Structures are given as structure tokens and as C-alpha cells.
file final-v9.txt (compact mmCIF, C-alpha atoms)
# COMPACT_ATOMS: atom_id res chain seq x y z
CA MET A 18 0.00 0.00 0.00
CA LYS A 19 1.29 3.43 -0.95
CA PHE A 20 2.31 5.64 1.98
CA VAL A 21 0.87 9.17 1.85
CA ASP A 22 1.58 11.53 4.74
CA GLU A 23 0.39 14.91 3.39
CA VAL A 24 -2.73 15.85 1.41
CA ARG A 25 -4.80 18.91 0.67
CA ILE A 26 -8.60 18.67 0.72
CA PHE A 27 -11.70 20.87 0.61
CA VAL A 28 -14.50 20.34 3.14
CA LYS A 29 -17.90 22.03 3.45
CA ALA A 30 -20.57 21.66 6.10
CA GLY A 31 -24.26 21.37 5.21
CA ASP A 32 -26.54 24.39 5.00
CA GLY A 33 -29.51 24.81 7.28
CA GLY A 34 -33.03 24.26 5.90
CA ASN A 35 -35.41 27.18 5.36
CA GLY A 36 -38.49 27.76 7.48
CA ALA A 37 -41.93 27.25 5.90
CA VAL A 38 -44.75 29.75 5.39
CA ALA A 39 -48.06 27.89 5.78
CA PHE A 40 -51.51 28.33 7.35
CA ARG A 41 -53.95 25.88 8.86
CA ARG A 42 -56.79 25.25 6.46
CA GLU A 43 -59.41 22.77 7.66
CA LYS A 44 -63.13 22.47 7.20
CA TYR A 45 -65.09 24.22 9.89
CA VAL A 46 -61.90 25.86 11.22
CA ASP A 47 -62.02 29.55 10.45
CA ARG A 48 -58.73 31.40 10.56
CA GLY A 49 -56.63 28.48 11.76
CA GLY A 50 -53.46 30.61 11.91
CA PRO A 51 -49.86 30.00 10.76
CA ASN A 52 -48.42 26.50 11.03
CA GLY A 53 -45.14 26.64 9.01
CA GLY A 54 -42.41 24.43 10.49
CA ASP A 55 -38.71 25.10 11.05
CA GLY A 56 -35.89 23.98 8.78
CA GLY A 57 -33.42 21.29 9.82
CA ASN A 58 -29.79 21.88 10.76
CA GLY A 59 -27.02 21.06 8.29
CA GLY A 60 -24.43 18.39 9.01
CA SER A 61 -20.98 19.29 10.40
CA VAL A 62 -17.62 17.96 9.24
CA ILE A 63 -15.83 15.99 11.98
CA PHE A 64 -12.37 14.38 11.91
CA GLU A 65 -11.81 11.23 13.97
CA ALA A 66 -8.53 9.49 14.76
CA ASP A 67 -8.69 5.83 13.76
CA PRO A 68 -5.88 3.52 15.00
CA GLN A 69 -6.55 1.10 12.13
CA LEU A 70 -5.37 3.61 9.52
CA THR A 71 -1.70 4.26 8.75
CA THR A 72 -1.84 6.50 5.68
CA LEU A 73 -3.80 9.36 4.12
CA LEU A 74 -4.11 7.55 0.82
CA ASP A 75 -7.91 7.76 0.79
CA TYR A 76 -7.78 11.54 0.69
CA ARG A 77 -5.28 11.69 -2.14
CA TYR A 78 -7.89 10.73 -4.75
CA GLN A 79 -11.04 12.14 -3.12
CA GLN A 80 -10.30 15.73 -2.22
CA HIS A 81 -13.79 17.26 -1.91
CA HIS A 82 -16.00 16.34 1.03
CA ARG A 83 -19.42 17.92 1.66
CA ALA A 84 -21.92 17.24 4.40
CA LYS A 85 -25.63 17.13 3.58
CA SER A 86 -27.88 20.14 4.14
CA GLY A 87 -30.91 20.17 6.40
CA GLU A 88 -34.42 19.78 4.98
CA ASN A 89 -36.81 22.70 4.69
CA GLY A 90 -39.75 23.13 7.03
CA MET A 91 -43.29 22.11 5.99
CA GLY A 92 -46.84 22.95 6.89
CA SER A 93 -48.91 21.44 9.67
CA ASP A 94 -46.16 22.36 12.14
CA CYS A 95 -43.72 19.89 10.52
CA ASN A 96 -40.04 20.70 11.02
CA GLY A 97 -37.40 19.74 8.45
CA ARG A 98 -35.07 16.83 9.12
CA ALA A 99 -31.57 17.63 10.38
CA SER A 100 -28.72 16.15 8.36
CA ASP A 101 -26.18 13.73 9.82
CA ASP A 102 -22.60 14.85 10.46
CA LEU A 103 -19.85 13.86 8.03
CA VAL A 104 -17.19 11.90 9.93
CA LEU A 105 -13.79 11.69 8.20
CA LYS A 106 -11.44 9.09 9.71
CA VAL A 107 -7.71 9.78 9.69
CA PRO A 108 -4.68 7.99 11.18
CA VAL A 109 -3.65 8.73 14.73
CA GLY A 110 -1.14 11.57 14.74
CA THR A 111 -2.78 13.62 11.97
CA LEU A 112 -2.44 17.37 12.09
CA VAL A 113 -5.31 19.39 10.54
CA ARG A 114 -4.20 22.82 9.37
CA ASP A 115 -6.09 25.62 7.60
CA VAL A 116 -4.38 26.47 4.32
CA ASP A 117 -5.44 30.13 4.27
CA THR A 118 -4.52 31.10 7.82
CA GLU A 119 -1.95 28.35 8.63
CA GLU A 120 -3.85 27.79 11.88
CA VAL A 121 -3.73 24.33 13.46
CA LEU A 122 -7.37 23.33 13.87
CA ALA A 123 -6.85 19.86 15.34
CA ASP A 124 -4.04 17.60 16.50
CA LEU A 125 -5.46 14.11 16.67
CA ASN A 126 -2.87 12.15 18.63
CA THR A 127 -5.22 9.91 20.63
CA ALA A 128 -7.23 6.99 19.27
CA GLY A 129 -10.93 7.87 19.03
CA GLU A 130 -10.35 11.62 19.44
CA ARG A 131 -12.80 13.82 17.52
CA MET A 132 -12.71 17.43 16.36
CA VAL A 133 -15.33 19.55 14.53
CA VAL A 134 -13.57 21.57 11.84
CA CYS A 135 -16.62 22.88 9.95
CA LYS A 136 -19.89 23.56 11.72
CA GLY A 137 -23.18 22.98 9.91
CA GLY A 138 -25.71 25.73 9.24
CA ARG A 139 -28.68 26.35 11.53
CA GLY A 140 -32.23 25.77 10.25
CA GLY A 141 -34.53 28.75 9.77
CA LEU A 142 -37.72 29.37 11.77
CA GLY A 143 -41.17 28.90 10.24
CA ASN A 144 -43.85 31.57 10.25
CA MET A 145 -45.62 30.02 13.23
CA ASN A 146 -42.80 31.39 15.41
CA PHE A 147 -43.56 34.98 14.42
CA ALA A 148 -47.28 35.05 15.25
CA THR A 149 -48.26 37.63 17.89
CA SER A 150 -51.46 39.17 19.17
CA THR A 151 -51.07 42.10 16.81
CA ARG A 152 -49.61 40.09 13.89
CA GLN A 153 -51.69 36.94 13.67
CA THR A 154 -50.94 36.04 10.04
CA PRO A 155 -47.19 36.45 9.41
CA ARG A 156 -46.47 35.72 5.79
CA PHE A 157 -42.72 35.33 6.10
CA ALA A 158 -40.23 32.79 7.50
CA GLN A 159 -36.54 32.66 8.27
CA ASP A 160 -33.96 31.15 5.92
CA GLY A 161 -31.33 28.70 7.14
CA THR A 162 -27.70 29.78 7.57
CA LYS A 163 -24.85 28.58 5.38
CA GLY A 164 -22.45 25.91 6.57
CA GLU A 165 -18.74 26.60 6.98
CA GLU A 166 -16.23 25.62 4.32
CA ARG A 167 -12.44 25.36 4.48
CA THR A 168 -9.43 24.26 2.50
CA LEU A 169 -7.37 22.02 4.79
CA ARG A 170 -3.97 20.42 4.74
CA LEU A 171 -3.62 17.09 6.53
CA GLU A 172 -0.16 16.18 7.80
CA LEU A 173 0.56 12.78 9.26
CA LYS A 174 3.16 12.62 12.03
CA LEU A 175 3.69 9.09 13.21
CA LEU A 176 3.39 8.56 16.95
CA ALA A 177 6.68 6.97 17.95
CA ASP A 178 8.76 7.13 21.11
CA VAL A 179 12.15 6.52 19.48
CA GLY A 180 13.31 7.66 16.05
CA LEU A 181 16.15 6.29 13.93
CA LEU A 182 18.40 8.75 12.11
CA GLY A 183 21.32 8.15 9.82
CA PHE A 184 22.71 8.27 6.31
CA PRO A 185 21.34 5.89 3.67
CA ASN A 186 22.50 2.29 4.09
CA ALA A 187 23.59 2.93 7.69
CA GLY A 188 21.61 -0.07 8.98
CA LYS A 189 18.45 1.56 10.34
CA SER A 190 16.06 -0.97 8.80
CA THR A 191 18.22 -3.85 10.05
CA LEU A 192 18.20 -2.40 13.56
CA ILE A 193 14.41 -2.08 13.73
CA SER A 194 14.00 -5.60 12.35
CA VAL A 195 16.30 -6.98 15.08
CA VAL A 196 14.69 -5.28 18.08
CA SER A 197 11.06 -5.53 16.91
CA ARG A 198 8.79 -7.58 14.66
CA ALA A 199 8.81 -4.99 11.90
CA ARG A 200 9.92 -6.34 8.53
CA PRO A 201 11.00 -3.40 6.36
CA LYS A 202 12.73 -3.82 3.04
CA ILE A 203 16.49 -4.41 3.49
CA ALA A 204 19.02 -4.28 0.65
CA ASP A 205 22.66 -3.38 0.08
CA TYR A 206 22.01 -0.12 -1.80
CA PRO A 207 21.16 3.35 -0.48
CA PHE A 208 17.60 4.69 -0.18
CA THR A 209 16.12 1.24 0.29
CA THR A 210 13.63 2.68 2.76
CA LEU A 211 11.27 5.04 0.95
CA VAL A 212 8.50 5.25 3.56
CA PRO A 213 8.64 5.33 7.38
CA ASN A 214 8.26 2.06 9.26
CA LEU A 215 7.04 1.50 12.79
CA GLY A 216 8.03 -1.31 15.12
CA LEU A 217 7.00 -2.22 18.68
CA VAL A 218 10.01 -2.98 20.89
CA GLN A 219 9.32 -5.28 23.85
CA TYR A 220 11.63 -4.22 26.71
CA LYS A 221 12.13 -5.65 30.19
CA ASP A 222 9.48 -5.90 32.92
CA GLY A 223 6.59 -5.60 30.47
CA LEU A 224 7.71 -2.19 29.21
CA SER A 225 7.53 -1.42 25.50
CA PHE A 226 7.98 1.49 23.15
CA VAL A 227 7.44 2.30 19.47
CA MET A 228 10.42 2.85 17.19
CA ALA A 229 10.22 4.69 13.87
CA ASP A 230 12.55 4.10 10.93
CA ILE A 231 12.62 6.94 8.39
CA PRO A 232 14.44 7.25 5.04
CA GLY A 233 18.08 8.30 5.10
CA ILE A 234 19.11 11.95 5.29
CA ILE A 235 22.08 13.22 3.28
CA GLU A 236 23.89 16.52 2.96
CA GLY A 237 21.69 19.14 1.30
CA ALA A 238 18.43 17.41 2.21
CA SER A 239 17.02 20.76 3.38
CA GLU A 240 17.45 22.00 -0.21
CA GLY A 241 15.73 18.97 -1.74
CA VAL A 242 18.74 16.73 -2.31
CA GLY A 243 17.89 13.03 -2.15
CA LEU A 244 14.46 12.42 -0.66
CA GLY A 245 14.53 15.77 1.14
CA HIS A 246 13.84 16.11 4.82
CA GLN A 247 10.03 16.05 4.75
CA PHE A 248 10.15 12.65 6.47
CA LEU A 249 11.66 14.27 9.55
CA ARG A 250 8.15 15.24 10.62
CA HIS A 251 7.65 11.62 11.66
CA VAL A 252 10.30 11.91 14.38
CA GLU A 253 9.17 15.30 15.68
CA ARG A 254 7.03 13.61 18.34
CA CYS A 255 9.81 11.22 19.40
CA LYS A 256 11.35 11.65 22.84
CA VAL A 257 14.67 9.98 21.97
CA LEU A 258 16.65 9.80 18.73
CA ILE A 259 19.12 7.03 17.85
CA HIS A 260 21.86 8.43 15.64
CA LEU A 261 23.26 5.49 13.69
CA LEU A 262 26.75 5.97 12.22
CA ASP A 263 28.04 3.83 9.35
CA MET A 264 31.48 2.63 10.39
CA GLY A 265 31.88 0.37 7.37
CA THR A 266 31.55 2.90 4.56
CA GLU A 267 34.33 2.75 2.00
CA THR A 268 33.56 6.00 0.19
CA GLU A 269 36.40 8.52 0.24
CA ASP A 270 34.23 11.53 1.08
CA ARG A 271 32.45 9.73 3.93
CA GLU A 272 33.74 9.68 7.50
CA PRO A 273 31.68 8.77 10.59
CA LEU A 274 32.49 12.03 12.38
CA LYS A 275 31.75 14.07 9.25
CA ASP A 276 28.43 12.24 8.82
CA PHE A 277 27.58 13.03 12.44
CA ASP A 278 28.17 16.76 11.95
CA ILE A 279 26.33 16.89 8.60
CA LEU A 280 23.23 15.15 9.92
CA ASN A 281 23.05 17.39 13.00
CA GLU A 282 23.32 20.44 10.76
CA GLU A 283 20.41 19.18 8.65
CA LEU A 284 18.37 18.66 11.82
CA ARG A 285 19.11 22.20 12.92
CA LYS A 286 18.02 23.60 9.54
CA TYR A 287 14.78 21.69 9.75
CA SER A 288 13.89 22.47 13.37
CA GLU A 289 15.79 23.79 16.38
CA GLU A 290 13.50 21.82 18.67
CA LEU A 291 14.22 18.56 16.86
CA SER A 292 17.99 19.14 16.95
CA SER A 293 17.86 19.65 20.73
CA LYS A 294 16.27 16.26 21.46
CA PRO A 295 18.47 13.69 23.28
CA GLN A 296 20.53 11.54 20.90
CA VAL A 297 21.96 8.08 21.50
CA VAL A 298 25.00 7.73 19.22
CA ALA A 299 25.51 4.17 17.97
CA ALA A 300 28.47 3.08 15.84
CA ASN A 301 27.17 0.32 13.56
CA LYS A 302 28.78 -2.41 11.42
CA LEU A 303 31.55 -3.27 13.86
CA ASP A 304 31.55 -6.80 12.47
CA LEU A 305 33.61 -5.47 9.54
CA PRO A 306 37.43 -5.53 9.95
CA HIS A 307 38.19 -1.91 9.03
CA ALA A 308 35.35 -0.61 11.24
CA GLN A 309 37.31 -1.44 14.41
CA ASP A 310 40.12 0.86 13.31
CA ARG A 311 37.78 3.83 12.97
CA LEU A 312 36.02 3.23 16.29
CA GLY A 313 38.89 4.42 18.48
CA ARG A 314 39.33 7.71 16.63
CA LEU A 315 35.57 8.36 16.60
CA THR A 316 35.19 7.57 20.30
CA GLU A 317 38.08 9.88 21.20
CA GLU A 318 36.76 12.78 19.13
CA LEU A 319 33.23 12.51 20.52
CA ARG A 320 34.58 12.09 24.03
CA LYS A 321 36.13 15.53 23.71
CA ARG A 322 32.59 16.81 23.14
CA GLY A 323 31.25 14.83 26.11
CA ILE A 324 29.24 12.38 23.95
CA ALA A 325 29.17 8.65 24.65
CA VAL A 326 29.37 6.14 21.78
CA PHE A 327 27.65 2.74 21.82
CA PRO A 328 29.38 0.22 19.53
CA VAL A 329 26.85 -2.15 17.93
CA SER A 330 26.49 -4.55 15.07
CA CYS A 331 22.96 -4.92 13.76
CA ALA A 332 23.94 -7.95 11.67
CA THR A 333 25.25 -9.98 14.63
CA GLY A 334 23.30 -8.37 17.47
CA LEU A 335 26.45 -7.08 19.20
CA GLY A 336 25.77 -4.31 21.75
CA MET A 337 21.99 -4.29 21.33
CA GLN A 338 21.17 -4.59 25.02
CA PRO A 339 23.34 -1.67 26.25
CA LEU A 340 21.88 0.46 23.47
CA LEU A 341 18.29 -0.39 24.46
CA ASP A 342 19.14 0.18 28.14
CA ALA A 343 20.37 3.70 27.39
CA VAL A 344 17.28 4.43 25.28
CA ALA A 345 14.90 3.08 27.94
CA GLU A 346 16.57 5.07 30.71
CA VAL A 347 16.04 8.34 28.85
CA LEU A 348 12.55 7.35 27.74
CA PHE A 349 11.12 6.13 31.04
CA THR A 350 13.16 8.04 33.64
CA GLY A 351 14.34 11.13 31.79
CA ARG A 352 17.95 10.71 32.95
CA ARG A 353 20.72 11.25 30.40
CA ASP A 354 23.71 10.06 32.39
CA LYS A 355 24.57 7.27 29.97
CA LEU A 356 24.56 9.61 26.99
CA HIS A 357 27.40 11.77 28.26
CA VAL A 358 30.98 11.08 29.33
CA GLU A 359 33.59 13.17 31.07
CA PRO A 360 35.85 14.83 28.50
CA PRO A 361 39.60 14.15 28.89
CA PRO A 362 41.61 16.66 30.91
CA LYS A 363 43.23 19.31 28.78
CA PRO A 364 47.08 19.58 28.74
CA ARG A 365 48.73 22.53 30.46
CA ALA A 366 49.85 23.99 27.17
CA GLU A 367 46.28 24.06 25.96
CA LYS A 368 45.13 25.55 29.26
CA LYS A 369 47.71 28.33 28.93
CA ALA A 370 46.72 28.88 25.31
CA LEU A 371 43.09 29.13 26.37
CA ALA A 372 43.90 31.32 29.36
CA ALA A 373 45.93 33.82 27.30
CA PRO A 374 42.95 35.10 25.30
CA ALA A 375 40.95 35.32 28.51
CA LYS A 376 43.64 37.49 30.12
CA LYS A 377 43.82 39.68 27.04
CA ALA A 378 40.09 40.06 27.09
CA ALA A 379 40.15 41.03 30.79
CA ALA A 380 42.91 43.57 30.14
CA ALA A 381 40.96 44.98 27.22
CA VAL A 382 37.89 45.29 29.45
CA LYS A 383 39.93 47.14 32.09
CA LYS A 384 41.52 49.47 29.53
CA ALA A 385 38.25 50.14 27.82
CA PRO A 386 36.88 52.60 30.44
CA ALA A 387 40.19 54.53 30.50
CA LYS A 388 40.25 54.75 26.72
CA LYS A 389 36.64 55.84 26.71
CA ALA A 390 37.34 58.53 29.34
CA ALA A 391 40.34 59.80 27.37
CA ALA A 392 38.35 59.86 24.18
CA ALA A 393 35.52 61.66 25.95
CA ALA A 394 37.99 64.20 27.37
CA LYS A 395 39.39 64.81 23.90
CA THR A 396 36.05 65.16 22.26
CA ALA A 397 34.44 67.25 25.03
CA PRO A 398 36.12 70.61 24.15
CA ALA A 399 35.41 70.06 20.48
CA LYS A 400 31.74 69.56 21.15
CA LYS A 401 31.35 72.46 23.63
CA ALA A 402 32.73 75.35 21.56
CA PRO A 403 31.07 78.16 23.60
CA ALA A 404 33.10 77.08 26.65
CA LYS A 405 36.13 79.08 25.30
CA LYS A 406 34.48 82.39 26.31
CA ALA A 407 34.21 81.25 29.90
CA PRO A 408 37.87 81.98 30.80
CA VAL A 409 37.59 85.51 29.29
CA VAL A 410 34.56 86.28 31.38
CA ALA A 411 36.28 84.77 34.38
CA LYS A 412 39.33 87.00 33.81
CA LYS A 413 37.24 90.10 33.38
CA ALA A 414 35.26 89.45 36.50
CA PRO A 415 38.32 89.37 38.78
CA ALA A 416 39.65 92.52 37.09
CA LYS A 417 36.44 94.38 37.81
CA LYS A 418 36.41 93.12 41.37
CA ALA A 419 40.07 94.17 41.88
CA ALA A 420 39.35 97.63 40.49
CA ALA A 421 36.35 97.93 42.76
CA LYS A 422 38.45 96.87 45.73
CA LYS A 423 41.21 99.37 44.86
CA SER A 424 38.75 102.21 44.43
CA ALA A 425 37.11 101.29 47.71
CA ALA A 426 40.50 101.16 49.37
CA LYS A 427 41.40 104.58 47.97
CA LYS A 428 38.11 106.08 48.98
CA ALA A 429 38.16 104.57 52.45
CA PRO A 430 41.34 106.38 53.62
CA ALA A 431 40.06 109.61 52.07
CA LYS A 432 36.96 109.39 54.19
CA LYS A 433 38.83 108.40 57.35
CA ALA A 434 41.59 111.04 56.99
CA PRO A 435 39.40 114.02 57.92
CA ALA A 436 38.25 112.13 60.97
CA LYS A 437 41.83 111.70 62.14
CA LYS A 438 42.62 115.34 61.35
CA ALA A 439 39.55 116.45 63.19
CA ALA A 440 40.57 114.41 66.18
CA ALA A 441 44.04 115.92 66.01
CA LYS A 442 42.56 119.41 65.83
CA ARG A 443 40.39 118.65 68.82
CA VAL A 444 43.40 117.47 70.79
CA VAL A 445 45.34 120.58 69.76
CA THR A 446 42.48 122.88 70.70
CA LYS A 447 42.09 121.17 74.05
CA LYS A 448 45.78 121.61 74.81
CA ALA A 449 45.65 125.14 73.61
CA ALA A 450 42.60 125.74 75.71
CA ALA A 451 44.36 124.16 78.64
CA LYS A 452 47.31 126.43 78.13
CA LYS A 453 45.12 129.43 77.59
CA ALA A 454 42.96 128.63 80.58
CA PRO A 455 45.71 129.13 83.13
CA ALA A 456 46.82 132.12 81.25
CA ARG A 457 43.42 133.57 81.40
CA GLY A 458 43.23 132.74 85.13
CA ALA A 459 46.47 134.47 85.79
CA ALA A 460 45.40 137.44 83.77
CA ALA A 461 42.21 137.58 85.79
CA LYS A 462 44.14 137.51 89.04
CA LYS A 463 46.40 140.25 87.81
CA ALA A 464 43.48 142.24 86.59
CA ALA A 465 41.53 141.85 89.81
CA PRO A 466 43.81 144.01 91.94
CA LYS A 467 43.88 146.56 89.28
CA ARG A 468 40.12 146.64 89.29
CA ALA A 469 40.18 146.78 93.08
CA ARG A 470 42.64 149.48 93.09
CA ARG A 471 40.59 151.45 90.65
CA SER A 472 37.66 150.98 92.88

call {"tool": "encode", "arguments": {"input": "final-v9.txt", "output": "C-alpha cells"}}
result
Amino acid sequence: MKFVDEVRIFVKAGDGGNGAVAFRREKYVDRGGPNGGDGGNGGSVIFEADPQLTTLLDYRYQQHHRAKSGENGMGSDCNGRASDDLVLKVPVGTLVRDVDTEEVLADLNTAGERMVVCKGGRGGLGNMNFATSTRQTPRFAQDGTKGEERTLRLELKLLADVGLLGFPNAGKSTLISVVSRARPKIADYPFTTLVPNLGLVQYKDGLSFVMADIPGIIEGASEGVGLGHQFLRHVERCKVLIHLLDMGTETEDREPLKDFDILNEELRKYSEELSSKPQVVAANKLDLPHAQDRLGRLTEELRKRGIAVFPVSCATGLGMQPLLDAVAEVLFTGRRDKLHVEPPPKPRAEKKALAAPAKKAAAAVKKAPAKKAAAAAKTAPAKKAPAKKAPVVAKKAPAKKAAAKKSAAKKAPAKKAPAKKAAAKRVVTKKAAAKKAPARGAAAKKAAPKRARRS
């Protein structure tokens, strides 16, 4: 059966039936009144997740789906029949997206889950619903509403817990056939797997998980090289990814470490979320002689990055149990201890080489403020041109103040000098008066006898 994981379809819900305009006409019944019935509701379009389906092949050839409309109302108070809903069954894990708005309308990831994507129209009311005491013979009815219609894109994303990644012919199909009962096509040429395959892995203590095998990814898959990377959508829901490296490749331009970097770059181009999922790195085909020689170099290089490598051989079953243990630990407990290793200690020379740039950076950070301050000091006068007049004003101001002080100093003695002179005059006059006073007294004494004698 052909595997189809993406289709585009058109769906339309049924229209509602129109209400009827009718009146009761019976013998011996005068003015029986309105008795037009209501129209029926149109059918809705519903998507249902069916676990028995694994592909969207049915929708590839039938792309238009319409639900039936409701029946119109009739007389004698007879309502129209409502139409049944149109149920479209899709595989579990189908994503329903609106083509015009790119809005995700439904994500059906549970068996039996249902979602209404187009709602049917509502039936119109008959004229018997519009009769009142003042309007006893309404001659009109209500029409039914139109049903919704959409253009949808269905995308199938397989529900798997573990996804297999790797270059073509890396041994992914062989691995899933060893650990599960899946029987995918296996051949010794690249791109043997053209469609994803699912397998149920029975683990210890009754635990199990679903593993997905997708077609190989090569360099340039994001640009359409090979089968492209559209199949990566089937591992978007996976919780753990097994990155299978081909240790037995004999192509000159292929190296396990180079393949590891190329595939991770393609994952990053497709989705950042997918590239950040936990990866279990497995080195496959160790049953080949020249694969053992490459294992040591690969393990050492990935150890420097802190990544653990699980050596396996899908052909002989070597290393299958440790690989499944690591996958189950991440899947059921969430711990990633087995996926990482301690990187080797770096030599002192490398430490010094790494420390030197750090010291230079610290010195540059310290010098940066000083350089900025110096640059700011240099640029400040250039920016503030009017500041040159400030010193001139400052010089003039002290000159004016000094002149004012000198003039005040000159004027002050001039004002105080007369006071001193006046005080000196007063002292002189007092002394003179003192000298004159005795003289006058003596003159009076001398004059007194004369006056007496005259008398």
C-alpha cells in the first residue's frame, strides 16, 4: 500500500433548511393561523482518529467532502429533518491545518479523538414562530444559515517514542528488524527505505515502546537533495533519537564524524526543537574488519565533546542490550547520564593557550573605560565650543572686582583722613585751651587788683 503523509482537501458543512410559510386550512376551522415548520440543521464535518489507519491515501484521490444540508420546514407544524454529520477518519497523529490562515485546527494524537472543523448551518424558523397578538398572520419565515467551508492540509506525524536517524545504508532498517517484529525492506544499496516504518520494541518488565525508521538523510536534504527532509516530521514527536553511524563505509568523502556533523546540521536547519532532542549515538557495522580501526578515533573525538558512543552490530546483534538500556533510561526516567561522558583533561599547554585570550580580554575590558574617558575628554572641548568664552569672562570678573576693591581702598582712607585730622585738631584745641585757661586765670588775678585798686 502506498504511503501518503500529506494531502490537501476541501470540506464544506451542510446548509440549514429554510423555514416554511403555511396556514392551517381545515373544514369548519375559520382562521386556523400560521403552522409553518422550522428547517433542519445542516451536518458538520468531523475528523476522527482511527488507529486502524496508517496512511492518508484515501484523501489523495477524493479531495472534496461535503456534508448534507438540512431539509426545509413544511406545513402542519412539521419541522425539516436535520442532516447527519460527516465523519472523516484519519490515522492517529494527523495534524489538521487551515491552508489560508496556517492555523492548526486539530491535533489528533489519541485513538478515538474527535474534532469539529466545519460547523453545519442552523435551520430557519417557520412563520408560526412569528405570530403575535397584533400580527396573527405572518407571511414570512426565516432562511437557514450557510455551513462553513475550508481548505485544509492534513499532515501525518507518526506517533513513535524513538526515532532512527542516519545516512542511507547505515543499517536503520536492520536495527528495527532486530529489536522488533517490523519487517521493512532491506538491501545493500542506499535509499532502500522510501517510507517510514514502525516497530514495537518489547523491553524488560513488560515495558515497550514504538520505534520509527525513516528514510536516510544526506547533505543538502534541506534543499531537496535526495528524498529531502520532509520525512523528519515523523520523528518530531519522538522523545529519543538514535543516531546510527556507518562505520563500514568505503567512500572517500564519507567519515563517521563528518556524517555526524552533517546530519546534526540538517536537523538544525529543519527544526531547532528537533535538533535539541536527546541523541543516542551508535556506531554500527563493527563486524567489519576496518570498522574497528575507525572506532577508536571516533570515540576519542566525541569524548572531547562529552558524547558517549555505543558500539553495535545490527547484523550480529552485538551491543543491542546496552543500546536499548540507554534508550529506555532516557525514555522512562528522563535521565541522560549514559549519553554523556567526562571529556579528557586538557594539557597545560592548551590551558595556557586558552587562558591567554581570557587574560587579554580582561585587560581589554579594564583598559576600555580609560580609553573611553580619554576619548571623551578629547572630544568634550570640540563639542562644547562656547566654553572658550568662559575663561575671558572669568578673567574680566576678577579685574572688575580688583578695580572695585582698589577704588574702595582709595576712597576709604580719604573718608577716614578728615576724621583723624579732626581728632588731632580737637586734641590741639584742648591743649591750647588748657594752656590758655591758666593764662586767662592768671590774667584775671592780675586784673583783679587793678580793678580793686581802681575801685

call {"tool": "closest_residue", "arguments": {"input": "final-v9.txt", "among": "A:Gly138, A:Gly223, A:Pro68, A:Gly110", "to": "A:Glu166", "atoms": "only C-alpha atoms"}}
result
A:Gly138

call {"tool": "atom_distance", "arguments": {"input": "final-v9.txt", "atom1": "atom CA of A:His251", "atom2": "atom CA of A:Val116"}}
result
20.5 Å

call {"tool": "atom_distance", "arguments": {"input": "final-v9.txt", "atom1": "atom CA of A:Gly56", "atom2": "atom CA of A:Asn96"}}
result
5.7 Å

call {"tool": "closest_residue", "arguments": {"input": "final-v9.txt", "among": "A:Ser293, A:Ala299, A:Val107, A:Ile234", "to": "A:Ala343", "atoms": "only C-alpha atoms"}}
result
A:Ala299

call {"tool": "closest_residue", "arguments": {"input": "final-v9.txt", "among": "A:Pro51, A:Pro155, A:Gly245, A:Gly31", "to": "A:Arg139", "atoms": "all atoms listed in the file"}}
result
A:Gly31

call {"tool": "closest_residue", "arguments": {"input": "final-v9.txt", "among": "A:Ser93, A:Met132, A:Glu172, A:Val344", "to": "A:Arg42", "atoms": "only C-alpha atoms"}}
result
A:Ser93
